[in-house]
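In what follows, a single structure is set out as C-alpha cells and then discussed.
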Amino acid sequence: MSAKKNYCRLAAAVMVGSLALTACSAGSGGSSSEGSAENTSVTVALTGEPVNLDFTTTAGAAIPQALMSNVYEGLVEIDQAGKIQPLLAESWELSNGNKTYTFKLREGATFSNGEAFTAEDVKFSIERVQSDAWVSSLKKKMDIVDSVEVNSDTEVAITLKQPSNAWLFDMGTLVGAIFDPSGVDDLAGTAIGTGPYAIDAWNRGQSIEFATREDYWGEAPAVENVSLRYFADAVATTNALQSGDVDVVYNMQSPELLSSFESDGKYQVLDGTSNGEIVLSMNNNMAPFDDVRVRQAVMHAIDRQAVVDTAWNGYGTVVGGPVPTTDPYYEDLNDVYPYDPAKAESLLAEAGAQDLDITFTVPTRPYATAVSEIVVSQLADVGINAKIESAEFPAVWLDEVFTKQDYQMSVVLAVESRDVLAMFNNPDYYLGYDNSKIKDLAAEADAADEAGYVDGMKQVVRTIVDDAAANTLFIFPNIVVAKAEVSGIPANSVTEALDLTNLGWK
C-alpha cells in the first residue's frame, strides 16, 4: 500500500464548485484548535484556475494540479522525495531485458461512477495517450510503449520498445492517469477516476468542490469536503486567509506579503522547492530569435539573481539551465552565461541586430508581471526594446503563444515534472527548438544504465543551454501560508499534482 494511504487523507485539490462560495466560511475547517472532530472540511486558495477539466487536450498546470492524486490515480505515484511508490499497482516485476513491466494490480478499486478498475482500464488508458484523443505534447512520453497485454483482471504486462529510465517515473504523472472507458465522453466537464474524492460541484471562475467517496479503496480522508477557491491575485488570497475564508494559501504568488504571517503565531509559512522553471521563452522559429547569437545575447543580458531578488524577494533558485535541483541530472550551469551586458552587445552587433524592437507577450500571472518589468529594463540596457503585451492567462496565452506560436518572447512557469525533453525534444513545441542535436543523445541516455542515463542527460541539457534555446530565470519556490492548526501540507511540489491527501487538522 502506498505510504500516503497510511495517513489521514484530504484531497484539497483544485476544484472549483458552486458550494465553495457557501462553504468558504463554514467549509474552512475553522481556525480553532478545539479538535479535529469538528473540522470536516478545508478550503485551499490558489490563483490561476483551470479552463476545463481535460488535461488530455488542454495545456496548463491548473488541471492536473487539481485532479491528479485527488480524482485521478496512476499505477504509481511520486512521493515528496521524488521517489516512485506503488498506487493502483501493488507491485511489479521487470523482465525481457528490462523492457517488460508486469504489474500486479490492486483488487477492489472502483471508479467514481461505480465501474471496477481492471487491467483493461490500464490498456485503454495507455493506448488512448498514444491515440489522437490525446493532444497534450506530454503524450510523447508514452511513445516508448510497444504493447500492453492484459493477462487477467489484476495483471497487465507493458512492453517498451527499449529499456527506459524515465518511463516508470512518467507513469506517476498525468500521462499515467487511469481512465474508465465509459467515463471519457466529457472529460472537459466531468472527471471520473479512482481517487479518494469526486467533484461535488464546479462553479467556473470561482471554486471546485470535492466530496469524499464512501467506496474509495484506500484509507478514508480525514475531512469530508474540500474546496479549492481561485482568486485573481495573491493579495486576494492572503486577505481571504486573514479573514478566515480559507485555510491554506498554496504556492503563494507574492512573497513580499509574507512578513505579516511569519511574525504571527496564528499562521505557518512553508518555504519549499518545486520542479517549476520560470522560462523566458524565445521563439526559435521567429526573427530575431531564429539567430542563436541573439538568443545568446539575451542570456548574457539578464542578471538572473537580480531577477529573483527584485521580482520575487530573493525566493527561488538560480540554476542556469532548464532542470530543477531535484532531478537526478541537475548541475549548476550558471557559469555558461554569466551576466555580461558588453558580451550581449557584441553578439547583437555580430548578428546585425542592434536597436531591436520586439514584442514581449506576458501572461496575466503575478510572477510573469513581476519578472517582465526587470527583464525589460535589463534588455533595454543592451539595445533590445521590448514592448509588453498582456495576454489573459490561461485562455489567450495558451491560444496565441502555446498553440499558435504567434509570439517573439514570453515568460511562463513550466511545472511539469522532468519536462526538459517535453520542452526541447519536440520541434513542434511552442519554443520551436531544433532538437536534431539532442534527439539521439536523449534516446541513448534513456536506454542506458542509471549512471549512463545521468551522464547522457547532462550532455543533453548542456547542448540545450549552449544553443540558448530558452532562458531559465530561476526555479520557482513553493511557498505555502496556512493556519497553524493545519497539518500534512506538502512543502515541495514534485509533480504537477497538488497532493493534499495527507492534510488534516491538529
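Chain labels run A, B, ... following the order of the C-alpha cells; each chain numbers its residues from 1, and ligands are numbered from 1 in the order shown.
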Nearby residues (only C-alpha atoms) at most 9 Å from Val323 (chain A), same-chain spacing under 6 positions excluded, as a ChimeraX atom specification: /A:275-277,329-331,418-420,461,472,475
Create the file for the chosen residues now, containing N, CA and C atoms and written as a compact mmCIF listing (two decimals), in the first residue's frame.
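Result file part-v3.txt:
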```txt
# COMPACT_ATOMS: atom_id res chain seq x y z
N ASN A 275 9.47 21.75 -8.96
CA ASN A 275 10.09 21.40 -10.23
C ASN A 275 9.72 22.40 -11.30
N GLY A 276 9.21 23.56 -10.88
CA GLY A 276 8.77 24.57 -11.83
C GLY A 276 9.89 25.52 -12.22
N GLU A 277 10.03 25.72 -13.53
CA GLU A 277 11.05 26.64 -14.04
C GLU A 277 10.37 27.89 -14.59
N TYR A 329 19.77 14.52 -12.97
CA TYR A 329 20.80 15.01 -13.89
C TYR A 329 21.00 16.52 -13.78
N TYR A 330 20.59 17.09 -12.65
CA TYR A 330 20.81 18.52 -12.42
C TYR A 330 22.29 18.82 -12.24
N GLU A 331 22.74 19.93 -12.81
CA GLU A 331 24.04 20.52 -12.47
C GLU A 331 23.94 22.03 -12.64
N ARG A 418 10.08 16.67 -14.69
CA ARG A 418 11.08 16.16 -15.63
C ARG A 418 10.66 16.46 -17.07
N ASP A 419 10.46 17.73 -17.33
CA ASP A 419 9.88 18.15 -18.60
C ASP A 419 10.89 18.66 -19.61
N VAL A 420 12.19 18.50 -19.35
CA VAL A 420 13.18 19.07 -20.25
C VAL A 420 13.05 18.52 -21.66
N VAL A 461 21.29 18.44 -21.65
CA VAL A 461 20.97 19.75 -21.07
C VAL A 461 22.03 20.77 -21.43
N THR A 472 16.20 29.96 -18.60
CA THR A 472 15.58 29.59 -17.34
C THR A 472 16.02 30.60 -16.28
N ILE A 475 14.34 28.63 -10.55
CA ILE A 475 13.42 27.57 -10.13
C ILE A 475 12.45 28.18 -9.12
```
Distance query Leu187 (chain A) at most 12 Å, only C-alpha atoms, self and fewer than 4 positions along chain excluded, as a ChimeraX atom specification: /A:52-58,63,67,72,133-134,179-183,191-193
Contacts of Ser377 (chain A) within 12 Å, only C-alpha atoms, excl. fewer than 5 positions in-chain, as an NGL selection string: :A and (301-303 or 306-307 or 310 or 370-372 or 382-388)
Could you write out that same residue set with N, CA and C atoms as a PDB file, in the first residue's frame?
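Final output, out.pdb:
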```pdb
ATOM      1  N   ALA A 301      22.435  39.191 -21.248  1.00  0.00           N
ATOM      2  CA  ALA A 301      21.864  40.487 -20.863  1.00  0.00           C
ATOM      3  C   ALA A 301      21.090  40.430 -19.556  1.00  0.00           C
ATOM      4  N   ILE A 302      20.670  39.235 -19.151  1.00  0.00           N
ATOM      5  CA  ILE A 302      19.810  39.089 -17.971  1.00  0.00           C
ATOM      6  C   ILE A 302      20.629  38.678 -16.755  1.00  0.00           C
ATOM      7  N   ASP A 303      20.539  39.471 -15.712  1.00  0.00           N
ATOM      8  CA  ASP A 303      21.124  39.124 -14.417  1.00  0.00           C
ATOM      9  C   ASP A 303      20.068  38.328 -13.657  1.00  0.00           C
ATOM     10  N   ALA A 306      19.497  38.975  -9.961  1.00  0.00           N
ATOM     11  CA  ALA A 306      18.802  40.245  -9.754  1.00  0.00           C
ATOM     12  C   ALA A 306      17.316  40.100 -10.036  1.00  0.00           C
ATOM     13  N   VAL A 307      16.972  39.248 -11.003  1.00  0.00           N
ATOM     14  CA  VAL A 307      15.558  38.989 -11.284  1.00  0.00           C
ATOM     15  C   VAL A 307      14.893  38.364 -10.064  1.00  0.00           C
ATOM     16  N   THR A 310      14.748  41.007  -7.151  1.00  0.00           N
ATOM     17  CA  THR A 310      13.858  42.132  -7.388  1.00  0.00           C
ATOM     18  C   THR A 310      12.408  41.696  -7.560  1.00  0.00           C
ATOM     19  N   ALA A 370       5.775  40.472 -12.469  1.00  0.00           N
ATOM     20  CA  ALA A 370       6.928  40.919 -11.687  1.00  0.00           C
ATOM     21  C   ALA A 370       8.233  40.719 -12.450  1.00  0.00           C
ATOM     22  N   VAL A 371       8.370  39.578 -13.085  1.00  0.00           N
ATOM     23  CA  VAL A 371       9.593  39.263 -13.810  1.00  0.00           C
ATOM     24  C   VAL A 371       9.758  40.161 -15.032  1.00  0.00           C
ATOM     25  N   SER A 372       8.663  40.413 -15.738  1.00  0.00           N
ATOM     26  CA  SER A 372       8.756  41.129 -17.016  1.00  0.00           C
ATOM     27  C   SER A 372       9.316  42.532 -16.857  1.00  0.00           C
ATOM     28  N   VAL A 382      21.001  46.799 -23.212  1.00  0.00           N
ATOM     29  CA  VAL A 382      21.859  46.295 -24.285  1.00  0.00           C
ATOM     30  C   VAL A 382      21.280  46.595 -25.665  1.00  0.00           C
ATOM     31  N   GLY A 383      20.228  47.418 -25.720  1.00  0.00           N
ATOM     32  CA  GLY A 383      19.684  47.827 -27.005  1.00  0.00           C
ATOM     33  C   GLY A 383      18.539  46.985 -27.535  1.00  0.00           C
ATOM     34  N   ILE A 384      17.900  46.190 -26.674  1.00  0.00           N
ATOM     35  CA  ILE A 384      16.708  45.439 -27.078  1.00  0.00           C
ATOM     36  C   ILE A 384      15.504  46.117 -26.442  1.00  0.00           C
ATOM     37  N   ASN A 385      14.651  46.683 -27.258  1.00  0.00           N
ATOM     38  CA  ASN A 385      13.478  47.402 -26.767  1.00  0.00           C
ATOM     39  C   ASN A 385      12.281  46.456 -26.798  1.00  0.00           C
ATOM     40  N   ALA A 386      11.894  45.997 -25.627  1.00  0.00           N
ATOM     41  CA  ALA A 386      10.801  45.024 -25.513  1.00  0.00           C
ATOM     42  C   ALA A 386       9.515  45.729 -25.112  1.00  0.00           C
ATOM     43  N   LYS A 387       8.516  45.590 -25.947  1.00  0.00           N
ATOM     44  CA  LYS A 387       7.201  46.155 -25.668  1.00  0.00           C
ATOM     45  C   LYS A 387       6.307  45.072 -25.083  1.00  0.00           C
ATOM     46  N   ILE A 388       5.806  45.302 -23.885  1.00  0.00           N
ATOM     47  CA  ILE A 388       4.973  44.311 -23.213  1.00  0.00           C
ATOM     48  C   ILE A 388       3.555  44.330 -23.767  1.00  0.00           C
TER      49      ILE A 388
END
```
Selection: 8 Å around Thr273 (chain A), only C-alpha atoms, excl. self and same-chain fewer than 6 positions, as a PyMOL selection string: chain A and resi 316+475-478+491-493
DSSP-assigned alpha helix (DSSP H) members of region 133-298 of chain A, reported as a ChimeraX atom specification: /A:167-170,234-243,259-262,292-298
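Backbone DSSP of region 317-394 of chain A yields strand (DSSP E) at Leu356, Asp357, Ile358, Thr359, Phe360, Thr361, Val362, Pro363, Ile384, Asn385, Ala386, Lys387, Ile388, Glu389, Ser390 and Ala391 of chain A.
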